[in-house]
$ cat structure-v1.cif   # mmCIF, N, CA and C atoms
data_start
loop_
_atom_site.label_atom_id
_atom_site.label_comp_id
_atom_site.auth_asym_id
_atom_site.auth_seq_id
_atom_site.Cartn_x
_atom_site.Cartn_y
_atom_site.Cartn_z
N ALA A 8 0.85 -1.19 0.00
CA ALA A 8 0.00 0.00 0.00
C ALA A 8 0.88 1.24 0.00
N THR A 9 0.40 2.28 -0.63
CA THR A 9 1.11 3.56 -0.67
C THR A 9 0.10 4.69 -0.50
N PHE A 10 0.59 5.80 0.05
CA PHE A 10 -0.26 6.98 0.16
C PHE A 10 -0.44 7.60 -1.22
N VAL A 11 -1.61 8.15 -1.45
CA VAL A 11 -1.92 8.86 -2.69
C VAL A 11 -2.04 10.34 -2.33
N TYR A 12 -1.24 11.16 -2.97
CA TYR A 12 -1.30 12.59 -2.69
C TYR A 12 -1.89 13.33 -3.89
N ASP A 13 -2.92 14.12 -3.60
CA ASP A 13 -3.59 14.94 -4.61
C ASP A 13 -4.23 16.12 -3.90
N ASP A 14 -5.16 16.77 -4.55
CA ASP A 14 -5.82 17.95 -3.95
C ASP A 14 -6.58 17.60 -2.67
N ASP A 15 -7.06 16.35 -2.57
CA ASP A 15 -7.86 15.94 -1.42
C ASP A 15 -7.06 15.19 -0.35
N SER A 16 -5.81 14.89 -0.63
CA SER A 16 -4.99 14.09 0.30
C SER A 16 -3.56 14.60 0.23
N THR A 17 -3.11 15.22 1.32
CA THR A 17 -1.78 15.82 1.32
C THR A 17 -0.94 15.26 2.46
N LYS A 18 0.37 15.46 2.39
CA LYS A 18 1.29 15.01 3.43
C LYS A 18 1.05 15.73 4.75
N GLU A 19 0.40 16.89 4.69
CA GLU A 19 0.14 17.65 5.90
C GLU A 19 -1.06 17.11 6.68
N MET A 20 -1.86 16.27 6.06
CA MET A 20 -3.03 15.70 6.72
C MET A 20 -2.60 14.63 7.73
N PRO A 21 -3.41 14.40 8.77
CA PRO A 21 -3.12 13.27 9.66
C PRO A 21 -3.10 11.98 8.85
N HIS A 22 -2.24 11.06 9.22
CA HIS A 22 -2.09 9.80 8.48
C HIS A 22 -3.42 9.07 8.29
N GLN A 23 -4.27 9.09 9.32
CA GLN A 23 -5.53 8.37 9.24
C GLN A 23 -6.49 8.94 8.20
N LYS A 24 -6.27 10.18 7.78
CA LYS A 24 -7.17 10.83 6.82
C LYS A 24 -6.65 10.76 5.38
N ARG A 25 -5.41 10.32 5.20
CA ARG A 25 -4.81 10.29 3.86
C ARG A 25 -5.40 9.17 3.01
N LYS A 26 -5.48 9.42 1.70
CA LYS A 26 -5.90 8.38 0.76
C LYS A 26 -4.78 7.35 0.61
N VAL A 27 -5.18 6.10 0.38
CA VAL A 27 -4.21 5.02 0.23
C VAL A 27 -4.58 4.18 -0.98
N ASN A 28 -3.58 3.78 -1.74
CA ASN A 28 -3.75 2.83 -2.82
C ASN A 28 -3.36 1.46 -2.26
N GLY A 29 -4.34 0.57 -2.10
CA GLY A 29 -4.09 -0.75 -1.55
C GLY A 29 -5.34 -1.28 -0.87
N ASP A 30 -5.31 -2.55 -0.48
CA ASP A 30 -6.49 -3.12 0.16
C ASP A 30 -6.65 -2.58 1.59
N ALA A 31 -7.79 -2.84 2.19
CA ALA A 31 -8.14 -2.25 3.49
C ALA A 31 -7.14 -2.61 4.58
N SER A 32 -6.73 -3.87 4.64
CA SER A 32 -5.77 -4.28 5.68
C SER A 32 -4.43 -3.58 5.50
N GLU A 33 -3.93 -3.58 4.26
CA GLU A 33 -2.64 -2.92 4.00
C GLU A 33 -2.72 -1.42 4.26
N ALA A 34 -3.85 -0.80 3.93
CA ALA A 34 -4.02 0.63 4.18
C ALA A 34 -3.98 0.91 5.68
N ALA A 35 -4.64 0.08 6.48
CA ALA A 35 -4.66 0.27 7.93
C ALA A 35 -3.25 0.11 8.51
N ILE A 36 -2.52 -0.88 8.04
CA ILE A 36 -1.14 -1.09 8.52
C ILE A 36 -0.28 0.11 8.17
N LEU A 37 -0.37 0.60 6.93
CA LEU A 37 0.43 1.75 6.51
C LEU A 37 0.11 2.98 7.35
N LYS A 38 -1.17 3.28 7.53
CA LYS A 38 -1.55 4.45 8.30
C LYS A 38 -1.08 4.35 9.75
N PHE A 39 -1.21 3.17 10.34
CA PHE A 39 -0.78 2.97 11.73
C PHE A 39 0.73 3.14 11.85
N CYS A 40 1.49 2.42 11.02
CA CYS A 40 2.95 2.44 11.13
C CYS A 40 3.53 3.81 10.82
N ASP A 41 3.05 4.46 9.75
CA ASP A 41 3.59 5.77 9.42
C ASP A 41 3.20 6.81 10.47
N GLY A 42 2.03 6.67 11.06
CA GLY A 42 1.63 7.58 12.14
C GLY A 42 2.55 7.45 13.34
N ILE A 43 2.88 6.22 13.71
CA ILE A 43 3.81 5.98 14.83
C ILE A 43 5.19 6.53 14.49
N ALA A 44 5.67 6.24 13.27
CA ALA A 44 7.00 6.71 12.86
C ALA A 44 7.10 8.22 12.90
N ALA A 45 6.05 8.90 12.47
CA ALA A 45 6.06 10.37 12.47
C ALA A 45 6.15 10.92 13.89
N LYS A 46 5.54 10.23 14.84
CA LYS A 46 5.56 10.70 16.23
C LYS A 46 6.87 10.37 16.94
N HIS A 47 7.63 9.40 16.41
CA HIS A 47 8.85 8.95 17.08
C HIS A 47 10.05 9.05 16.15
N SER A 48 10.16 10.13 15.42
CA SER A 48 11.24 10.28 14.46
C SER A 48 12.62 10.37 15.12
N GLU A 49 12.64 10.57 16.45
CA GLU A 49 13.94 10.62 17.14
C GLU A 49 14.61 9.26 17.21
N VAL A 50 13.84 8.19 17.01
CA VAL A 50 14.41 6.84 16.96
C VAL A 50 15.05 6.69 15.59
N GLY A 51 16.35 6.43 15.56
CA GLY A 51 17.12 6.46 14.32
C GLY A 51 16.57 5.66 13.17
N TRP A 52 16.07 4.46 13.40
CA TRP A 52 15.61 3.61 12.29
C TRP A 52 14.14 3.79 11.97
N MET A 53 13.41 4.53 12.81
CA MET A 53 11.97 4.68 12.61
C MET A 53 11.70 5.85 11.68
N LYS A 54 11.30 5.52 10.45
CA LYS A 54 11.04 6.54 9.44
C LYS A 54 9.72 6.23 8.75
N GLU A 55 9.12 7.25 8.17
CA GLU A 55 7.89 7.02 7.41
C GLU A 55 8.22 6.22 6.15
N SER A 56 7.22 5.55 5.59
CA SER A 56 7.44 4.56 4.53
C SER A 56 8.20 5.07 3.31
N PRO A 57 7.99 6.29 2.80
CA PRO A 57 8.75 6.69 1.61
C PRO A 57 10.27 6.69 1.84
N GLU A 58 10.69 6.91 3.07
CA GLU A 58 12.12 6.89 3.40
C GLU A 58 12.55 5.51 3.89
N PHE A 59 11.67 4.82 4.60
CA PHE A 59 12.00 3.53 5.22
C PHE A 59 12.14 2.41 4.19
N ARG A 60 11.22 2.35 3.26
CA ARG A 60 11.21 1.24 2.29
C ARG A 60 12.49 1.14 1.47
N PRO A 61 12.99 2.23 0.88
CA PRO A 61 14.21 2.10 0.08
C PRO A 61 15.43 1.66 0.91
N SER A 62 15.43 1.97 2.20
CA SER A 62 16.57 1.59 3.03
C SER A 62 16.39 0.22 3.67
N ASN A 63 15.33 -0.49 3.31
CA ASN A 63 15.08 -1.85 3.80
C ASN A 63 14.57 -2.70 2.63
N GLU A 64 15.43 -2.83 1.64
CA GLU A 64 15.08 -3.48 0.38
C GLU A 64 14.55 -4.89 0.58
N LYS A 65 13.45 -5.20 -0.09
CA LYS A 65 12.87 -6.54 -0.05
C LYS A 65 13.68 -7.43 -0.98
N VAL A 66 14.20 -8.55 -0.46
CA VAL A 66 15.00 -9.45 -1.27
C VAL A 66 14.31 -10.78 -1.56
N CYS A 67 13.23 -11.05 -0.84
CA CYS A 67 12.47 -12.28 -1.05
C CYS A 67 11.03 -12.02 -0.63
N ASN A 68 10.09 -12.56 -1.39
CA ASN A 68 8.68 -12.35 -1.08
C ASN A 68 7.91 -13.66 -1.23
N ILE A 69 7.12 -13.98 -0.23
CA ILE A 69 6.19 -15.10 -0.30
C ILE A 69 4.80 -14.48 -0.22
N PRO A 70 4.09 -14.41 -1.36
CA PRO A 70 2.79 -13.74 -1.34
C PRO A 70 1.75 -14.52 -0.55
N PHE A 71 0.74 -13.81 -0.11
CA PHE A 71 -0.37 -14.43 0.61
C PHE A 71 -1.06 -15.43 -0.30
N ASN A 72 -1.45 -16.57 0.29
CA ASN A 72 -2.33 -17.49 -0.42
C ASN A 72 -3.34 -18.04 0.57
N SER A 73 -4.50 -18.41 0.07
CA SER A 73 -5.59 -18.79 0.96
C SER A 73 -5.37 -20.12 1.65
N LYS A 74 -4.47 -20.95 1.15
CA LYS A 74 -4.17 -22.23 1.81
C LYS A 74 -3.34 -22.00 3.08
N ASP A 75 -2.25 -21.25 2.96
CA ASP A 75 -1.36 -21.02 4.10
C ASP A 75 -1.85 -19.90 5.02
N LYS A 76 -2.59 -18.95 4.48
CA LYS A 76 -3.16 -17.82 5.21
C LYS A 76 -2.10 -16.90 5.83
N PHE A 77 -0.98 -16.74 5.13
CA PHE A 77 0.02 -15.77 5.56
C PHE A 77 0.83 -15.30 4.36
N ALA A 78 1.54 -14.21 4.56
CA ALA A 78 2.50 -13.68 3.59
C ALA A 78 3.79 -13.42 4.35
N ALA A 79 4.91 -13.52 3.66
CA ALA A 79 6.20 -13.31 4.32
C ALA A 79 7.15 -12.61 3.36
N SER A 80 8.14 -11.96 3.92
CA SER A 80 9.19 -11.35 3.09
C SER A 80 10.47 -11.24 3.91
N VAL A 81 11.57 -11.09 3.17
CA VAL A 81 12.89 -10.91 3.78
C VAL A 81 13.43 -9.58 3.26
N HIS A 82 14.02 -8.80 4.18
CA HIS A 82 14.50 -7.46 3.83
C HIS A 82 15.95 -7.27 4.29
N LYS A 83 16.72 -6.55 3.46
CA LYS A 83 18.03 -6.08 3.89
C LYS A 83 17.79 -4.94 4.87
N THR A 84 18.67 -4.80 5.85
CA THR A 84 18.59 -3.66 6.77
C THR A 84 19.89 -2.89 6.65
N TYR A 85 19.78 -1.60 6.37
CA TYR A 85 20.95 -0.77 6.15
C TYR A 85 21.25 0.18 7.30
N ASP A 86 20.62 -0.05 8.44
CA ASP A 86 20.77 0.90 9.54
C ASP A 86 21.45 0.29 10.75
N ASN A 87 22.12 -0.83 10.57
CA ASN A 87 22.91 -1.51 11.60
C ASN A 87 22.09 -2.14 12.71
N ARG A 88 20.77 -2.29 12.52
CA ARG A 88 20.02 -3.09 13.48
C ARG A 88 20.52 -4.51 13.37
N GLU A 89 20.77 -5.13 14.50
CA GLU A 89 21.21 -6.53 14.50
C GLU A 89 22.39 -6.74 13.55
N ASP A 90 23.33 -5.80 13.53
CA ASP A 90 24.54 -5.89 12.70
C ASP A 90 24.23 -6.05 11.22
N GLY A 91 23.14 -5.46 10.75
CA GLY A 91 22.80 -5.52 9.33
C GLY A 91 22.25 -6.85 8.87
N SER A 92 21.77 -7.66 9.81
CA SER A 92 21.20 -8.95 9.44
C SER A 92 19.96 -8.77 8.56
N LEU A 93 19.65 -9.81 7.82
CA LEU A 93 18.40 -9.81 7.07
C LEU A 93 17.23 -9.94 8.04
N LEU A 94 16.13 -9.29 7.71
CA LEU A 94 14.95 -9.30 8.56
C LEU A 94 13.83 -10.07 7.87
N PHE A 95 13.35 -11.13 8.54
CA PHE A 95 12.23 -11.92 8.05
C PHE A 95 10.97 -11.40 8.74
N VAL A 96 9.93 -11.09 7.96
CA VAL A 96 8.66 -10.63 8.53
C VAL A 96 7.53 -11.51 8.01
N LEU A 97 6.55 -11.74 8.88
CA LEU A 97 5.44 -12.62 8.59
C LEU A 97 4.16 -11.94 9.06
N LYS A 98 3.11 -12.01 8.23
CA LYS A 98 1.80 -11.49 8.65
C LYS A 98 0.74 -12.41 8.08
N GLY A 99 -0.35 -12.55 8.85
CA GLY A 99 -1.42 -13.40 8.38
C GLY A 99 -2.39 -13.76 9.47
N ALA A 100 -3.10 -14.86 9.26
CA ALA A 100 -4.06 -15.33 10.25
C ALA A 100 -3.32 -15.57 11.57
N PRO A 101 -3.85 -15.05 12.67
CA PRO A 101 -3.13 -15.14 13.95
C PRO A 101 -2.73 -16.57 14.32
N GLU A 102 -3.63 -17.53 14.10
CA GLU A 102 -3.30 -18.91 14.49
C GLU A 102 -2.19 -19.48 13.62
N ARG A 103 -2.06 -19.03 12.37
CA ARG A 103 -1.00 -19.50 11.48
C ARG A 103 0.34 -18.86 11.84
N VAL A 104 0.30 -17.59 12.23
CA VAL A 104 1.53 -16.90 12.61
C VAL A 104 2.05 -17.46 13.94
N ILE A 105 1.21 -17.55 14.95
CA ILE A 105 1.65 -17.99 16.28
C ILE A 105 2.17 -19.41 16.25
N ASP A 106 1.64 -20.25 15.35
CA ASP A 106 2.13 -21.63 15.22
C ASP A 106 3.60 -21.69 14.84
N ARG A 107 4.12 -20.61 14.25
CA ARG A 107 5.50 -20.58 13.79
C ARG A 107 6.43 -19.84 14.75
N CYS A 108 5.93 -19.49 15.92
CA CYS A 108 6.70 -18.68 16.87
C CYS A 108 7.16 -19.49 18.09
N SER A 109 8.38 -19.23 18.52
CA SER A 109 8.90 -19.84 19.74
C SER A 109 9.02 -18.82 20.87
N THR A 110 8.82 -17.55 20.54
CA THR A 110 8.86 -16.47 21.53
C THR A 110 7.71 -15.51 21.26
N MET A 111 7.45 -14.65 22.26
CA MET A 111 6.41 -13.62 22.11
C MET A 111 6.89 -12.37 22.83
N MET A 112 6.61 -11.21 22.25
CA MET A 112 6.97 -9.96 22.91
C MET A 112 5.84 -9.56 23.84
N VAL A 113 6.17 -9.37 25.12
CA VAL A 113 5.20 -8.98 26.13
C VAL A 113 5.76 -7.76 26.85
N ASP A 114 5.04 -6.66 26.79
CA ASP A 114 5.49 -5.41 27.41
C ASP A 114 6.90 -5.03 26.99
N GLY A 115 7.20 -5.23 25.71
CA GLY A 115 8.51 -4.84 25.18
C GLY A 115 9.63 -5.83 25.44
N LYS A 116 9.32 -6.96 26.06
CA LYS A 116 10.35 -7.96 26.35
C LYS A 116 10.04 -9.25 25.61
N VAL A 117 11.06 -9.86 25.03
CA VAL A 117 10.89 -11.13 24.34
C VAL A 117 10.87 -12.25 25.38
N MET A 118 9.78 -13.02 25.36
CA MET A 118 9.59 -14.11 26.33
C MET A 118 9.49 -15.44 25.58
N PRO A 119 9.99 -16.52 26.19
CA PRO A 119 9.78 -17.84 25.56
C PRO A 119 8.29 -18.15 25.52
N MET A 120 7.86 -18.79 24.44
CA MET A 120 6.45 -19.15 24.31
C MET A 120 6.12 -20.23 25.34
N THR A 121 5.08 -19.99 26.09
CA THR A 121 4.59 -20.97 27.06
C THR A 121 3.14 -21.28 26.74
N ALA A 122 2.62 -22.34 27.31
CA ALA A 122 1.21 -22.68 27.12
C ALA A 122 0.32 -21.53 27.62
N GLU A 123 0.73 -20.90 28.72
CA GLU A 123 -0.05 -19.79 29.27
C GLU A 123 -0.09 -18.60 28.31
N LEU A 124 1.08 -18.23 27.74
CA LEU A 124 1.11 -17.13 26.77
C LEU A 124 0.28 -17.47 25.54
N ARG A 125 0.42 -18.68 25.06
CA ARG A 125 -0.32 -19.10 23.87
C ARG A 125 -1.83 -19.05 24.13
N ASN A 126 -2.25 -19.51 25.28
CA ASN A 126 -3.66 -19.49 25.64
C ASN A 126 -4.18 -18.05 25.72
N SER A 127 -3.40 -17.17 26.31
CA SER A 127 -3.78 -15.77 26.41
C SER A 127 -3.91 -15.15 25.02
N PHE A 128 -2.97 -15.44 24.14
CA PHE A 128 -3.01 -14.95 22.77
C PHE A 128 -4.27 -15.46 22.06
N ASP A 129 -4.50 -16.77 22.16
CA ASP A 129 -5.66 -17.38 21.50
C ASP A 129 -6.96 -16.75 21.99
N MET A 130 -7.09 -16.58 23.29
CA MET A 130 -8.31 -15.98 23.85
C MET A 130 -8.50 -14.55 23.34
N GLY A 131 -7.40 -13.81 23.24
CA GLY A 131 -7.47 -12.42 22.79
C GLY A 131 -7.93 -12.28 21.36
N TYR A 132 -7.29 -13.02 20.44
CA TYR A 132 -7.69 -12.85 19.04
C TYR A 132 -9.06 -13.47 18.77
N GLU A 133 -9.42 -14.54 19.48
CA GLU A 133 -10.75 -15.12 19.30
C GLU A 133 -11.83 -14.17 19.80
N SER A 134 -11.58 -13.49 20.91
CA SER A 134 -12.54 -12.52 21.44
C SER A 134 -12.75 -11.38 20.45
N LEU A 135 -11.68 -10.86 19.89
CA LEU A 135 -11.80 -9.79 18.90
C LEU A 135 -12.56 -10.27 17.67
N GLY A 136 -12.26 -11.48 17.22
CA GLY A 136 -12.95 -12.05 16.07
C GLY A 136 -14.44 -12.20 16.29
N ARG A 137 -14.83 -12.63 17.50
CA ARG A 137 -16.26 -12.79 17.81
C ARG A 137 -16.99 -11.45 17.76
N ARG A 138 -16.27 -10.37 18.01
CA ARG A 138 -16.88 -9.04 17.96
C ARG A 138 -16.84 -8.44 16.56
N GLY A 139 -16.40 -9.23 15.60
CA GLY A 139 -16.38 -8.77 14.21
C GLY A 139 -15.14 -7.99 13.82
N GLU A 140 -14.13 -7.96 14.68
CA GLU A 140 -12.90 -7.23 14.37
C GLU A 140 -12.02 -8.07 13.44
N ARG A 141 -11.33 -7.41 12.53
CA ARG A 141 -10.35 -8.06 11.66
C ARG A 141 -9.07 -8.19 12.45
N VAL A 142 -8.56 -9.41 12.59
CA VAL A 142 -7.38 -9.65 13.42
C VAL A 142 -6.27 -10.24 12.55
N LEU A 143 -5.09 -9.65 12.62
CA LEU A 143 -3.92 -10.15 11.92
C LEU A 143 -2.81 -10.44 12.92
N GLY A 144 -2.02 -11.45 12.63
CA GLY A 144 -0.85 -11.75 13.43
C GLY A 144 0.39 -11.26 12.70
N PHE A 145 1.39 -10.84 13.47
CA PHE A 145 2.66 -10.37 12.90
C PHE A 145 3.81 -11.00 13.67
N ALA A 146 4.87 -11.31 12.96
CA ALA A 146 6.08 -11.84 13.60
C ALA A 146 7.29 -11.35 12.81
N HIS A 147 8.42 -11.30 13.49
CA HIS A 147 9.67 -10.98 12.80
C HIS A 147 10.82 -11.73 13.42
N LYS A 148 11.87 -11.89 12.66
CA LYS A 148 13.08 -12.53 13.15
C LYS A 148 14.27 -12.03 12.32
N TYR A 149 15.34 -11.69 13.00
CA TYR A 149 16.58 -11.37 12.30
C TYR A 149 17.27 -12.67 11.98
N LEU A 150 17.65 -12.83 10.74
CA LEU A 150 18.24 -14.09 10.28
C LEU A 150 19.74 -14.11 10.53
N ASP A 151 20.26 -15.25 10.88
CA ASP A 151 21.69 -15.44 11.13
C ASP A 151 22.45 -15.19 9.83
N ARG A 152 23.38 -14.25 9.85
CA ARG A 152 24.12 -13.88 8.65
C ARG A 152 25.02 -14.99 8.14
N SER A 153 25.38 -15.93 9.01
CA SER A 153 26.30 -16.98 8.59
C SER A 153 25.60 -18.11 7.83
N LYS A 154 24.28 -18.09 7.78
CA LYS A 154 23.55 -19.17 7.11
C LYS A 154 23.01 -18.77 5.77
#
$ encode --input "structure-v1.cif" --output "structure tokens"
Amino acid sequence: ATFVYDDDSTKEMPHQKRKVNGDASEAAILKFCDGIAAKHSEVGWMKESPEFRPSNEKVCNIPFNSKDKFAASVHKTYDNREDGSLLFVLKGAPERVIDRCSTMMVDGKVMPMTAELRNSFDMGYESLGRRGERVLGFAHKYLDRSK
């Protein structure tokens, strides 16, 4: 997804009000992430998408398909996060994403996956789903440069 700028949608508008070219889920992700990046520009690697994307080149893409219910990609990182390791990102159906995770971030800390954490996660996304909310799971991992 990308922002569309014209007479009705400008860079000066709040991110949530800008026009987007892309599907509804991708538009929501873009607006959320760019809004956060704009508020926290003091963090060196946190930039809005027009600046962030070129400096995190996509080198591999696994498109979404209805059988697997996720999409994944691998990106180069040019800002020395994790010593410039490749970054693997995954998004999709929460149950499909969590099945591939051995850790979970809780209050900013990476924790080993436990039955209790998994149960809490499952209850959370199922509750949102019952209320008609669209729920996506996200995961990331820096890949070992030696492999």
$ resolve_selection --input "structure-v1.cif" --expression "the PyMOL selection byres (((chain A and resi 90-102 and name CA) around 10) and name CA)" --output "count of residues only"
47
$ select_by_dssp --input "structure-v1.cif" --residues "segment 69-100 of chain A" --states "strand (DSSP E or B)" --output "mmCIF file with N, CA and C atoms, in the frame of the given file"
data_model
loop_
_atom_site.group_PDB
_atom_site.id
_atom_site.type_symbol
_atom_site.label_atom_id
_atom_site.label_comp_id
_atom_site.auth_asym_id
_atom_site.auth_seq_id
_atom_site.Cartn_x
_atom_site.Cartn_y
_atom_site.Cartn_z
ATOM 1 N N ILE A 69 7.120 -13.980 -0.230
ATOM 2 C CA ILE A 69 6.190 -15.100 -0.300
ATOM 3 C C ILE A 69 4.800 -14.480 -0.220
ATOM 4 N N PHE A 77 -0.980 -16.740 5.130
ATOM 5 C CA PHE A 77 0.020 -15.770 5.560
ATOM 6 C C PHE A 77 0.830 -15.300 4.360
ATOM 7 N N ALA A 78 1.540 -14.210 4.560
ATOM 8 C CA ALA A 78 2.500 -13.680 3.590
ATOM 9 C C ALA A 78 3.790 -13.420 4.350
ATOM 10 N N ALA A 79 4.910 -13.520 3.660
ATOM 11 C CA ALA A 79 6.200 -13.310 4.320
ATOM 12 C C ALA A 79 7.150 -12.610 3.360
ATOM 13 N N SER A 80 8.140 -11.960 3.920
ATOM 14 C CA SER A 80 9.190 -11.350 3.090
ATOM 15 C C SER A 80 10.470 -11.240 3.910
ATOM 16 N N VAL A 81 11.570 -11.090 3.170
ATOM 17 C CA VAL A 81 12.890 -10.910 3.780
ATOM 18 C C VAL A 81 13.430 -9.580 3.260
ATOM 19 N N HIS A 82 14.020 -8.800 4.180
ATOM 20 C CA HIS A 82 14.500 -7.460 3.830
ATOM 21 C C HIS A 82 15.950 -7.270 4.290
ATOM 22 N N LEU A 94 16.130 -9.290 7.710
ATOM 23 C CA LEU A 94 14.950 -9.300 8.560
ATOM 24 C C LEU A 94 13.830 -10.070 7.870
ATOM 25 N N PHE A 95 13.350 -11.130 8.540
ATOM 26 C CA PHE A 95 12.230 -11.920 8.050
ATOM 27 C C PHE A 95 10.970 -11.400 8.740
ATOM 28 N N VAL A 96 9.930 -11.090 7.960
ATOM 29 C CA VAL A 96 8.660 -10.630 8.530
ATOM 30 C C VAL A 96 7.530 -11.510 8.010
ATOM 31 N N LEU A 97 6.550 -11.740 8.880
ATOM 32 C CA LEU A 97 5.440 -12.620 8.590
ATOM 33 C C LEU A 97 4.160 -11.940 9.060
ATOM 34 N N LYS A 98 3.110 -12.010 8.230
ATOM 35 C CA LYS A 98 1.800 -11.490 8.650
ATOM 36 C C LYS A 98 0.740 -12.410 8.080
ATOM 37 N N GLY A 99 -0.350 -12.550 8.850
ATOM 38 C CA GLY A 99 -1.420 -13.400 8.380
ATOM 39 C C GLY A 99 -2.390 -13.760 9.470
#
$ resolve_selection --input "structure-v1.cif" --expression "the PyMOL selection byres (((chain A and resi 27-44 and name CA) around 12) and name CA)" --output "ChimeraX atom specification"
/A:8-13,15-26,45-60,78,98-99,140-145
$ write_last_selection --input "structure-v1.cif" --atoms "N, CA and C atoms" --output "short mmCIF file (atom, residue, chain, number, x, y, z; two decimals), in the coordinates of the input"
data_model
loop_
_atom_site.label_atom_id
_atom_site.label_comp_id
_atom_site.auth_asym_id
_atom_site.auth_seq_id
_atom_site.Cartn_x
_atom_site.Cartn_y
_atom_site.Cartn_z
N ALA A 8 0.85 -1.19 0.00
CA ALA A 8 0.00 0.00 0.00
C ALA A 8 0.88 1.24 0.00
N THR A 9 0.40 2.28 -0.63
CA THR A 9 1.11 3.56 -0.67
C THR A 9 0.10 4.69 -0.50
N PHE A 10 0.59 5.80 0.05
CA PHE A 10 -0.26 6.98 0.16
C PHE A 10 -0.44 7.60 -1.22
N VAL A 11 -1.61 8.15 -1.45
CA VAL A 11 -1.92 8.86 -2.69
C VAL A 11 -2.04 10.34 -2.33
N TYR A 12 -1.24 11.16 -2.97
CA TYR A 12 -1.30 12.59 -2.69
C TYR A 12 -1.89 13.33 -3.89
N ASP A 13 -2.92 14.12 -3.60
CA ASP A 13 -3.59 14.94 -4.61
C ASP A 13 -4.23 16.12 -3.90
N ASP A 15 -7.06 16.35 -2.57
CA ASP A 15 -7.86 15.94 -1.42
C ASP A 15 -7.06 15.19 -0.35
N SER A 16 -5.81 14.89 -0.63
CA SER A 16 -4.99 14.09 0.30
C SER A 16 -3.56 14.60 0.23
N THR A 17 -3.11 15.22 1.32
CA THR A 17 -1.78 15.82 1.32
C THR A 17 -0.94 15.26 2.46
N LYS A 18 0.37 15.46 2.39
CA LYS A 18 1.29 15.01 3.43
C LYS A 18 1.05 15.73 4.75
N GLU A 19 0.40 16.89 4.69
CA GLU A 19 0.14 17.65 5.90
C GLU A 19 -1.06 17.11 6.68
N MET A 20 -1.86 16.27 6.06
CA MET A 20 -3.03 15.70 6.72
C MET A 20 -2.60 14.63 7.73
N PRO A 21 -3.41 14.40 8.77
CA PRO A 21 -3.12 13.27 9.66
C PRO A 21 -3.10 11.98 8.85
N HIS A 22 -2.24 11.06 9.22
CA HIS A 22 -2.09 9.80 8.48
C HIS A 22 -3.42 9.07 8.29
N GLN A 23 -4.27 9.09 9.32
CA GLN A 23 -5.53 8.37 9.24
C GLN A 23 -6.49 8.94 8.20
N LYS A 24 -6.27 10.18 7.78
CA LYS A 24 -7.17 10.83 6.82
C LYS A 24 -6.65 10.76 5.38
N ARG A 25 -5.41 10.32 5.20
CA ARG A 25 -4.81 10.29 3.86
C ARG A 25 -5.40 9.17 3.01
N LYS A 26 -5.48 9.42 1.70
CA LYS A 26 -5.90 8.38 0.76
C LYS A 26 -4.78 7.35 0.61
N ALA A 45 6.05 8.90 12.47
CA ALA A 45 6.06 10.37 12.47
C ALA A 45 6.15 10.92 13.89
N LYS A 46 5.54 10.23 14.84
CA LYS A 46 5.56 10.70 16.23
C LYS A 46 6.87 10.37 16.94
N HIS A 47 7.63 9.40 16.41
CA HIS A 47 8.85 8.95 17.08
C HIS A 47 10.05 9.05 16.15
N SER A 48 10.16 10.13 15.42
CA SER A 48 11.24 10.28 14.46
C SER A 48 12.62 10.37 15.12
N GLU A 49 12.64 10.57 16.45
CA GLU A 49 13.94 10.62 17.14
C GLU A 49 14.61 9.26 17.21
N VAL A 50 13.84 8.19 17.01
CA VAL A 50 14.41 6.84 16.96
C VAL A 50 15.05 6.69 15.59
N GLY A 51 16.35 6.43 15.56
CA GLY A 51 17.12 6.46 14.32
C GLY A 51 16.57 5.66 13.17
N TRP A 52 16.07 4.46 13.40
CA TRP A 52 15.61 3.61 12.29
C TRP A 52 14.14 3.79 11.97
N MET A 53 13.41 4.53 12.81
CA MET A 53 11.97 4.68 12.61
C MET A 53 11.70 5.85 11.68
N LYS A 54 11.30 5.52 10.45
CA LYS A 54 11.04 6.54 9.44
C LYS A 54 9.72 6.23 8.75
N GLU A 55 9.12 7.25 8.17
CA GLU A 55 7.89 7.02 7.41
C GLU A 55 8.22 6.22 6.15
N SER A 56 7.22 5.55 5.59
CA SER A 56 7.44 4.56 4.53
C SER A 56 8.20 5.07 3.31
N PRO A 57 7.99 6.29 2.80
CA PRO A 57 8.75 6.69 1.61
C PRO A 57 10.27 6.69 1.84
N GLU A 58 10.69 6.91 3.07
CA GLU A 58 12.12 6.89 3.40
C GLU A 58 12.55 5.51 3.89
N PHE A 59 11.67 4.82 4.60
CA PHE A 59 12.00 3.53 5.22
C PHE A 59 12.14 2.41 4.19
N ARG A 60 11.22 2.35 3.26
CA ARG A 60 11.21 1.24 2.29
C ARG A 60 12.49 1.14 1.47
N ALA A 78 1.54 -14.21 4.56
CA ALA A 78 2.50 -13.68 3.59
C ALA A 78 3.79 -13.42 4.35
N LYS A 98 3.11 -12.01 8.23
CA LYS A 98 1.80 -11.49 8.65
C LYS A 98 0.74 -12.41 8.08
N GLY A 99 -0.35 -12.55 8.85
CA GLY A 99 -1.42 -13.40 8.38
C GLY A 99 -2.39 -13.76 9.47
N GLU A 140 -14.13 -7.96 14.68
CA GLU A 140 -12.90 -7.23 14.37
C GLU A 140 -12.02 -8.07 13.44
N ARG A 141 -11.33 -7.41 12.53
CA ARG A 141 -10.35 -8.06 11.66
C ARG A 141 -9.07 -8.19 12.45
N VAL A 142 -8.56 -9.41 12.59
CA VAL A 142 -7.38 -9.65 13.42
C VAL A 142 -6.27 -10.24 12.55
N LEU A 143 -5.09 -9.65 12.62
CA LEU A 143 -3.92 -10.15 11.92
C LEU A 143 -2.81 -10.44 12.92
N GLY A 144 -2.02 -11.45 12.63
CA GLY A 144 -0.85 -11.75 13.43
C GLY A 144 0.39 -11.26 12.70
N PHE A 145 1.39 -10.84 13.47
CA PHE A 145 2.66 -10.37 12.90
C PHE A 145 3.81 -11.00 13.67
#
$ atom_distance --input "structure-v1.cif" --atom1 "atom N of Ser109 of chain A" --atom2 "atom CA of Gly136 of chain A"
22.6 Å
$ atom_distance --input "structure-v1.cif" --atom1 "atom N of Arg138 of chain A" --atom2 "atom N of Pro119 of chain A"
28.2 Å
